[in-house]
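Participant: To be precise about what I am sending: the file is called input_32.tsv and holds TSV, C-alpha atoms.
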```tsv
chain	number	residue	atom	x	y	z
A	5	MET	CA	-17.76	-5.89	23.59
A	6	THR	CA	-15.17	-8.65	23.86
A	7	CYS	CA	-11.58	-8.38	22.63
A	8	GLU	CA	-12.61	-10.79	19.87
A	9	GLU	CA	-15.33	-8.47	18.64
A	10	LEU	CA	-12.97	-5.56	19.00
A	11	LEU	CA	-10.49	-7.23	16.68
A	12	LYS	CA	-13.15	-7.43	13.95
A	13	ALA	CA	-14.02	-3.76	14.28
A	14	LEU	CA	-10.39	-2.69	14.51
A	15	ASN	CA	-9.99	-1.64	10.86
A	16	ASP	CA	-12.98	0.66	10.87
A	17	TYR	CA	-11.88	2.17	14.14
A	18	VAL	CA	-8.29	2.69	12.99
A	19	ASP	CA	-9.53	4.21	9.72
A	20	GLY	CA	-11.72	6.57	11.70
A	21	GLN	CA	-14.97	5.63	10.01
A	22	GLU	CA	-18.22	6.99	11.35
A	23	LEU	CA	-19.59	3.94	13.08
A	24	THR	CA	-21.04	5.51	16.16
A	25	GLU	CA	-22.58	2.34	17.52
A	26	ILE	CA	-19.36	0.39	17.23
A	27	CYS	CA	-17.30	3.35	18.35
A	28	ASP	CA	-19.19	3.76	21.60
A	29	GLU	CA	-18.77	0.11	22.46
A	30	PHE	CA	-15.21	0.26	21.23
A	31	ALA	CA	-14.39	3.29	23.36
A	32	GLU	CA	-15.99	1.63	26.36
A	33	HIS	CA	-13.88	-1.47	25.86
A	34	LEU	CA	-10.71	0.55	25.38
A	35	ALA	CA	-11.35	2.56	28.54
A	36	GLY	CA	-11.31	-0.66	30.51
A	37	CYS	CA	-8.66	-2.46	28.46
A	38	ASN	CA	-5.33	-0.70	28.30
A	39	PRO	CA	-3.61	-3.43	26.22
A	40	CYS	CA	-6.24	-3.05	23.48
A	41	GLN	CA	-5.73	0.72	23.53
A	42	VAL	CA	-2.00	0.19	23.07
A	43	VAL	CA	-2.64	-2.22	20.18
A	44	VAL	CA	-4.80	0.40	18.46
A	45	ASP	CA	-2.08	3.02	19.00
A	46	ASN	CA	0.60	0.62	17.72
A	47	ILE	CA	-1.37	-0.06	14.54
A	48	ARG	CA	-1.85	3.64	13.85
A	49	GLN	CA	1.88	4.20	14.46
A	50	THR	CA	2.75	1.31	12.15
A	51	ILE	CA	0.68	2.81	9.33
A	52	SER	CA	2.14	6.32	9.86
A	53	LEU	CA	5.63	4.91	9.81
A	54	TYR	CA	5.08	3.20	6.44
A	55	ARG	CA	3.42	6.33	5.03
A	56	ALA	CA	6.38	8.47	6.14
A	57	GLY	CA	8.77	6.12	4.35
A	58	GLN	CA	11.33	7.32	1.81
A	59	PRO	CA	10.61	6.62	-1.86
A	60	TYR	CA	12.76	3.96	-3.52
A	61	SER	CA	15.59	5.08	-5.70
A	62	MET	CA	15.19	3.90	-9.26
A	63	PRO	CA	17.87	1.53	-10.66
A	64	THR	CA	20.62	3.15	-12.76
A	65	GLY	CA	19.93	3.21	-16.45
A	66	PHE	CA	16.26	2.44	-15.96
A	67	GLN	CA	15.17	5.97	-16.86
A	68	GLU	CA	16.78	5.74	-20.30
A	69	ARG	CA	15.31	2.31	-21.03
A	70	LEU	CA	11.86	3.46	-19.96
A	71	GLN	CA	11.95	6.67	-22.00
A	72	LEU	CA	13.06	4.78	-25.09
A	73	SER	CA	10.22	2.28	-24.96
A	74	LEU	CA	7.64	4.97	-24.17
A	75	LYS	CA	8.86	7.04	-27.11
A	76	GLN	CA	8.50	4.08	-29.45
A	77	LYS	CA	5.00	3.27	-28.24
A	78	TRP	CA	3.97	6.92	-28.45
A	79	ALA	CA	5.16	7.12	-32.05
A	80	GLU	CA	3.07	4.03	-32.90
A	81	LYS	CA	-0.01	5.54	-31.29
A	82	PHE	CA	0.25	9.18	-32.29
A	83	GLY	CA	2.59	9.03	-35.27
A	84	SER	CA	5.29	11.22	-33.69
A	85	THR	CA	6.67	12.52	-30.43
B	7	MET	CA	13.55	23.70	-6.34
B	8	ASP	CA	10.53	24.03	-4.05
B	9	ASN	CA	9.22	26.74	-6.28
B	10	GLN	CA	9.50	24.50	-9.30
B	11	LEU	CA	7.64	21.73	-7.51
B	12	LEU	CA	4.81	24.09	-6.62
B	13	GLN	CA	4.52	25.27	-10.18
B	14	ARG	CA	4.40	21.83	-11.71
B	15	PRO	CA	1.21	21.44	-13.74
B	16	ALA	CA	-1.47	19.28	-12.16
B	17	GLU	CA	-1.77	15.65	-13.26
B	18	ARG	CA	-5.16	16.26	-14.79
B	19	GLU	CA	-3.91	19.08	-16.98
B	20	LEU	CA	-0.96	16.98	-18.09
B	21	LEU	CA	-3.26	14.13	-19.01
B	22	GLN	CA	-5.51	16.44	-21.03
B	23	ARG	CA	-2.50	17.72	-22.95
B	24	ALA	CA	-1.14	14.19	-23.42
B	25	LYS	CA	-4.49	13.07	-24.87
B	26	THR	CA	-4.02	15.57	-27.67
B	27	GLY	CA	-0.64	14.04	-28.52
B	28	ASP	CA	1.66	16.21	-26.36
B	29	PHE	CA	4.52	13.83	-25.52
B	30	THR	CA	6.30	16.32	-23.26
B	31	ALA	CA	3.20	16.56	-21.09
B	32	PHE	CA	3.06	12.77	-20.99
B	33	GLN	CA	6.72	12.55	-19.94
B	34	GLU	CA	6.06	15.03	-17.14
B	35	LEU	CA	3.10	12.96	-15.98
B	36	VAL	CA	5.28	9.83	-16.00
B	37	ALA	CA	7.97	11.66	-13.99
B	38	GLN	CA	5.40	12.64	-11.36
B	39	LEU	CA	3.81	9.20	-11.01
B	40	GLN	CA	6.84	6.98	-11.51
B	41	PRO	CA	8.20	6.93	-7.92
B	42	ARG	CA	4.84	5.76	-6.57
B	43	VAL	CA	4.42	3.16	-9.30
B	44	TYR	CA	7.93	1.82	-8.73
B	45	GLY	CA	7.46	1.77	-4.94
B	46	LEU	CA	4.18	-0.10	-5.28
B	47	ALA	CA	5.64	-2.62	-7.72
B	48	PHE	CA	8.79	-3.22	-5.69
B	49	ARG	CA	6.88	-3.66	-2.45
B	50	ILE	CA	4.49	-6.16	-3.99
B	51	LEU	CA	7.06	-8.06	-6.07
B	52	GLN	CA	10.19	-7.69	-3.89
B	53	GLN	CA	12.41	-7.78	-6.93
B	54	VAL	CA	14.08	-4.98	-8.95
B	55	GLN	CA	13.71	-6.43	-12.46
B	56	ASP	CA	10.03	-7.30	-11.96
B	57	ALA	CA	9.39	-3.84	-10.52
B	58	GLU	CA	11.03	-2.25	-13.58
B	59	ASP	CA	8.91	-4.39	-15.91
B	60	THR	CA	5.79	-3.36	-14.04
B	61	VAL	CA	6.63	0.34	-14.36
B	62	GLN	CA	7.30	-0.05	-18.07
B	63	GLN	CA	4.13	-2.08	-18.71
B	64	THR	CA	2.07	0.38	-16.70
B	65	PHE	CA	3.09	3.42	-18.71
B	66	LEU	CA	2.87	1.56	-22.02
B	67	SER	CA	-0.71	0.64	-21.05
B	68	LEU	CA	-1.31	4.25	-20.13
B	69	ILE	CA	-0.37	5.31	-23.68
B	70	GLU	CA	-2.59	2.59	-25.12
B	71	HIS	CA	-5.61	3.54	-23.00
B	72	ILE	CA	-5.00	7.23	-22.54
B	73	GLY	CA	-8.35	8.17	-24.03
B	74	GLU	CA	-10.28	5.93	-21.62
B	75	PHE	CA	-9.70	7.67	-18.31
B	76	ARG	CA	-12.97	8.52	-16.61
B	77	GLU	CA	-12.94	11.31	-14.11
B	78	GLU	CA	-14.25	9.14	-11.23
B	79	SER	CA	-10.96	8.68	-9.44
B	80	SER	CA	-7.66	10.52	-9.32
B	81	ILE	CA	-5.22	9.81	-12.12
B	82	ALA	CA	-2.72	8.45	-9.61
B	83	THR	CA	-5.29	5.94	-8.33
B	84	TRP	CA	-6.11	4.88	-11.87
B	85	VAL	CA	-2.43	4.40	-12.72
B	86	LEU	CA	-1.76	2.52	-9.46
B	87	LYS	CA	-4.62	0.16	-10.34
B	88	ILE	CA	-3.08	-0.49	-13.76
B	89	ALA	CA	0.26	-1.11	-12.03
B	90	SER	CA	-1.29	-3.58	-9.54
B	91	ASN	CA	-2.80	-5.42	-12.44
B	92	HIS	CA	0.58	-5.80	-14.14
B	93	ALA	CA	2.28	-6.75	-10.87
B	94	LEU	CA	-0.31	-9.49	-10.28
B	95	LYS	CA	0.21	-10.78	-13.82
B	96	ILE	CA	3.93	-11.11	-13.10
B	97	LEU	CA	3.18	-12.93	-9.84
B	98	ARG	CA	0.82	-15.32	-11.60
B	99	LYS	CA	3.30	-16.07	-14.33
B	100	LYS	CA	6.14	-16.70	-11.87
B	101	ARG	CA	4.30	-18.73	-9.32
B	102	GLY	CA	1.92	-20.50	-11.65
B	103	LEU	CA	-0.81	-22.16	-9.67
B	104	GLN	CA	0.27	-20.82	-6.32
B	105	VAL	CA	-1.05	-17.37	-7.06
B	106	THR	CA	-4.53	-18.58	-7.87
B	107	SER	CA	-4.64	-18.87	-4.07
B	108	MET	CA	-4.53	-15.09	-4.06
B	109	HIS	CA	-8.15	-15.18	-5.20
B	110	ALA	CA	-9.29	-18.52	-3.86
B	111	VAL	CA	-11.67	-18.67	-0.92
B	112	ASP	CA	-9.32	-19.11	1.93
B	113	PRO	CA	-10.01	-20.01	5.57
B	114	ASP	CA	-7.51	-17.26	6.48
B	115	ASP	CA	-9.92	-14.71	5.06
B	116	ARG	CA	-12.25	-15.13	8.03
B	117	TYR	CA	-12.05	-13.05	11.17
B	118	ASP	CA	-12.14	-15.98	13.57
B	119	SER	CA	-8.71	-17.15	12.46
B	120	VAL	CA	-7.00	-13.78	12.83
B	121	PRO	CA	-4.16	-14.13	15.35
B	122	HIS	CA	-4.38	-12.06	18.52
B	123	PRO	CA	-1.73	-9.52	19.41
B	124	GLU	CA	1.08	-11.09	21.45
B	125	PHE	CA	3.72	-8.49	22.16
B	126	ILE	CA	1.95	-5.41	23.48
B	127	SER	CA	3.94	-2.37	24.51
B	128	PRO	CA	3.71	1.38	23.89
B	129	TRP	CA	6.35	2.66	21.46
B	130	SER	CA	9.06	4.72	23.08
B	131	LYS	CA	9.26	7.20	20.16
B	132	THR	CA	6.81	8.75	17.73
B	133	PRO	CA	6.65	7.39	14.15
B	134	GLU	CA	8.14	10.72	12.96
B	135	GLU	CA	11.16	10.32	15.27
B	136	ILE	CA	11.59	6.69	14.27
B	137	ALA	CA	11.33	7.52	10.54
B	138	GLU	CA	14.38	9.77	10.86
B	139	GLN	CA	16.67	6.90	11.85
B	140	SER	CA	18.68	5.68	8.89
B	141	GLU	CA	18.28	1.95	9.46
B	142	VAL	CA	14.49	2.13	9.73
B	143	HIS	CA	13.85	1.92	5.99
B	144	ASP	CA	15.43	-1.54	5.95
B	145	GLU	CA	13.51	-2.63	9.05
B	146	LEU	CA	10.22	-1.64	7.45
B	147	GLU	CA	11.01	-3.36	4.18
B	148	ARG	CA	12.15	-6.51	5.99
B	149	ALA	CA	8.91	-6.70	7.96
B	150	LEU	CA	6.90	-6.16	4.77
B	151	SER	CA	8.85	-8.76	2.82
B	152	GLN	CA	8.06	-11.39	5.46
B	153	LEU	CA	4.34	-10.95	4.96
B	154	ASN	CA	2.50	-13.27	2.61
B	155	GLU	CA	1.99	-11.48	-0.73
B	156	LYS	CA	-1.79	-11.73	-0.29
B	157	TYR	CA	-1.61	-9.51	2.76
B	158	ARG	CA	1.30	-7.41	1.54
B	159	SER	CA	-0.42	-6.25	-1.66
B	160	VAL	CA	-3.53	-5.17	0.26
B	161	PHE	CA	-1.47	-3.27	2.84
B	162	VAL	CA	0.63	-1.53	0.17
B	163	LEU	CA	-2.39	-0.32	-1.80
B	164	ARG	CA	-4.56	0.65	1.15
B	165	ASP	CA	-2.16	1.87	3.81
B	166	VAL	CA	0.99	2.90	1.95
B	167	GLU	CA	-0.64	4.32	-1.20
B	168	GLY	CA	-3.85	5.43	0.49
B	169	LEU	CA	-6.38	3.83	-1.87
B	170	SER	CA	-9.83	3.20	-0.39
B	171	VAL	CA	-10.96	-0.32	0.52
B	172	LYS	CA	-13.18	-0.27	-2.59
B	173	GLU	CA	-10.35	0.86	-4.88
B	174	THR	CA	-8.00	-1.74	-3.37
B	175	ALA	CA	-10.63	-4.43	-3.97
B	176	GLU	CA	-11.01	-3.33	-7.60
B	177	ALA	CA	-7.26	-3.20	-8.16
B	178	LEU	CA	-6.67	-6.70	-6.78
B	179	GLU	CA	-9.92	-8.21	-8.07
B	180	LEU	CA	-11.01	-9.15	-4.58
B	181	THR	CA	-14.22	-8.57	-2.64
B	182	GLU	CA	-14.21	-5.69	-0.17
B	183	SER	CA	-14.74	-8.08	2.73
B	184	THR	CA	-11.67	-10.10	1.72
B	185	VAL	CA	-9.67	-6.88	1.50
B	186	LYS	CA	-10.76	-5.95	5.03
B	187	VAL	CA	-9.73	-9.24	6.60
B	188	ARG	CA	-6.40	-9.31	4.75
B	189	LEU	CA	-5.76	-5.71	5.73
B	190	LEU	CA	-6.41	-6.55	9.36
B	191	ARG	CA	-4.02	-9.49	9.18
B	192	ALA	CA	-1.36	-7.35	7.51
B	193	ARG	CA	-1.73	-4.54	10.05
B	194	LEU	CA	-1.60	-6.91	13.01
B	195	ALA	CA	1.39	-8.81	11.65
B	196	LEU	CA	3.36	-5.63	10.95
B	197	ARG	CA	2.34	-4.17	14.32
B	198	GLU	CA	3.63	-7.31	15.99
B	199	GLN	CA	7.02	-7.11	14.28
B	200	LEU	CA	7.50	-3.38	14.62
B	201	THR	CA	6.39	-3.33	18.26
B	202	ARG	CA	9.06	-5.92	19.05
B	203	LYS	CA	11.52	-3.42	17.54
B	204	PHE	CA	10.15	-0.11	18.72
B	205	GLY	CA	8.07	-1.00	21.79
B	206	ASP	CA	9.36	0.05	25.19
B	207	PRO	CA	10.76	-3.13	26.81
B	208	GLN	CA	10.06	-1.66	30.28
B	209	ARG	CA	6.36	-1.35	29.57
B	210	VAL	CA	5.34	-4.67	28.04
B	211	MET	CA	1.72	-5.43	28.90
B	212	ILE	CA	-0.01	-8.62	29.79
B	213	PRO	CA	-3.75	-8.48	29.05
B	214	ASP	CA	-5.69	-8.98	32.30
B	215	HIS	CA	-8.47	-10.87	30.55
B	216	ASN	CA	-8.64	-13.43	27.82
B	217	HIS	CA	-7.25	-12.10	24.55
B	218	GLY	CA	-7.23	-15.57	23.09
```
Would you give me this structure, written as structure tokens?

Facilitator:
Amino acid sequence: MTCEELLKALNDYVDGQELTEICDEFAEHLAGCNPCQVVVDNIRQTISLYRAGQPYSMPTGFQERLQLSLKQKWAEKFGST
Amino acid sequence: MDNQLLQRPAERELLQRAKTGDFTAFQELVAQLQPRVYGLAFRILQQVQDAEDTVQQTFLSLIEHIGEFREESSIATWVLKIASNHALKILRKKRGLQVTSMHAVDPDDRYDSVPHPEFISPWSKTPEEIAEQSEVHDELERALSQLNEKYRSVFVLRDVEGLSVKETAEALELTESTVKVRLLRARLALREQLTRKFGDPQRVMIPDHNHG
């Protein structure tokens, strides 16, 4: 497997899909190609970092505006809240 | 507080109650889903007012179509798909023709044009350790905001929100193969930027064979 081919298979490998054929070749390449191994690690770390991210804080006053419009729509649909 | 969180009714139960006209159950469902919907909208649109509009449109649509939910996916996934749809509408309206390129066949959607990694270095800390630093949130958002929206929206749905490739494709009205190439581009671009920040400068690697 070349680095080029590895790049194509990278998503499936990072996502841990069961692609034994690709995985064997992939693992073989990685064993002999430390930089590619580091790239795979970096990508997994990048994804974990975004997943671990803090939720956004909602703008002030937004909650009230949202509730008001939902209440109105609900009353139209169901007749009352 | 923790106790309360644990005892919160499940989304599915709330939806069932909301379908029968229980507004309180609906409000609780909104409260549970809202942070994810806002995060998704803000990350795709990069603008507070547009993100607010998306949240509002999403939950108004949810009222309108509340009877139509099929049990195939989780409620959160369903709502995130509705939100993506509204976010894309806002993008289309704002950018006019430009956003048709979001769906156009694009030479960038082929693997042979995907850029190779340039800065390769192991990170000196774990993602968990890095996530604890206060300035990291801004770093992550900056890197994301520099990505083209085509790649950003795919990354946000698939990697941040955890939708499958198929669900991401459905949400963005793209083919699964396009989603995969865009996801790869997004991941590589973000890896490149974050590794320049968090990679160990003492251990930068030069590939010993042709990486392009």

Participant: Mind dumping a table of every chain A residue within 7 Å of chain B, with the nearest atom pair and its distance in Å to one decimal, using all atoms listed in the file, sorted by chain and rising number, as JSON lines?

Facilitator:
```
{"residue": "A:Cys7", "atom": "CA", "partner": "B:His217", "partner_atom": "CA", "distance": 6.0}
{"residue": "A:Lys12", "atom": "CA", "partner": "B:Tyr117", "partner_atom": "CA", "distance": 6.4}
{"residue": "A:Asn15", "atom": "CA", "partner": "B:Leu190", "partner_atom": "CA", "distance": 6.3}
{"residue": "A:Pro39", "atom": "CA", "partner": "B:Pro213", "partner_atom": "CA", "distance": 5.8}
{"residue": "A:Val42", "atom": "CA", "partner": "B:Pro128", "partner_atom": "CA", "distance": 5.9}
{"residue": "A:Val43", "atom": "CA", "partner": "B:Ile126", "partner_atom": "CA", "distance": 6.5}
{"residue": "A:Asn46", "atom": "CA", "partner": "B:Arg197", "partner_atom": "CA", "distance": 6.1}
{"residue": "A:Ile47", "atom": "CA", "partner": "B:Arg197", "partner_atom": "CA", "distance": 5.5}
{"residue": "A:Gln49", "atom": "CA", "partner": "B:Pro133", "partner_atom": "CA", "distance": 5.7}
{"residue": "A:Thr50", "atom": "CA", "partner": "B:Arg197", "partner_atom": "CA", "distance": 5.9}
{"residue": "A:Ile51", "atom": "CA", "partner": "B:Asp165", "partner_atom": "CA", "distance": 6.3}
{"residue": "A:Ser52", "atom": "CA", "partner": "B:Pro133", "partner_atom": "CA", "distance": 6.3}
{"residue": "A:Leu53", "atom": "CA", "partner": "B:Pro133", "partner_atom": "CA", "distance": 5.1}
{"residue": "A:Tyr54", "atom": "CA", "partner": "B:Val166", "partner_atom": "CA", "distance": 6.1}
{"residue": "A:Arg55", "atom": "CA", "partner": "B:Val166", "partner_atom": "CA", "distance": 5.2}
{"residue": "A:Ala56", "atom": "CA", "partner": "B:Ala137", "partner_atom": "CA", "distance": 6.7}
{"residue": "A:Gly57", "atom": "CA", "partner": "B:His143", "partner_atom": "CA", "distance": 6.8}
{"residue": "A:Pro59", "atom": "CA", "partner": "B:Pro41", "partner_atom": "CA", "distance": 6.5}
{"residue": "A:Tyr60", "atom": "CA", "partner": "B:Gly45", "partner_atom": "CA", "distance": 5.9}
{"residue": "A:Leu70", "atom": "CA", "partner": "B:Gln62", "partner_atom": "CA", "distance": 6.1}
{"residue": "A:Leu74", "atom": "CA", "partner": "B:Leu66", "partner_atom": "CA", "distance": 6.2}
{"residue": "A:Lys77", "atom": "CA", "partner": "B:Leu66", "partner_atom": "CA", "distance": 6.8}
{"residue": "A:Trp78", "atom": "CA", "partner": "B:Ile69", "partner_atom": "CA", "distance": 6.6}
{"residue": "A:Phe82", "atom": "CA", "partner": "B:Gly27", "partner_atom": "CA", "distance": 6.2}
{"residue": "A:Thr85", "atom": "CA", "partner": "B:Phe29", "partner_atom": "CA", "distance": 5.5}
```

Participant: State, in Å with one decimal place, the distance from CA of Tyr17 (chain A) to CA of Arg48 (chain A).

Facilitator: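 According to the coordinates, CA of Tyr17 (chain A) and CA of Arg48 (chain A) are separated by 10.1 Å.
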
Participant: Can you work out which one of B:Ala89, B:Ile50, B:Leu163, B:Leu21 has the shortest atom-to-atom distance to Glu74 (chain B), counting all atoms listed in the file?

Facilitator: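 Ranking B:Ala89, B:Ile50, B:Leu163, B:Leu21 by distance to Glu74 (chain B), first place goes to B:Leu21.
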
Participant: Record the distance separating CA of Asn91 (chain B) and CA of Lys81 (chain A), expressed in Å with one decimal.

Facilitator: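 If I compute the distance from CA of Asn91 (chain B) to CA of Lys81 (chain A), I get 22.0 Å.
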
Participant: Have a look at CA of Ala31 (chain B) and CA of Ala16 (chain B) and let me know their distance in Å, one decimal.

Facilitator: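 These atoms are spaced 10.4 Å apart.
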
Participant: Can you list, as a ChimeraX atom specification, every protein, DNA or RNA residue that comes within 9 Å of Val85 (chain B) when you count all atoms listed in the file, leaving out same-chain residues fewer than 2 positions away?

Facilitator: /B:39,43,64-65,68,80-83,87-90
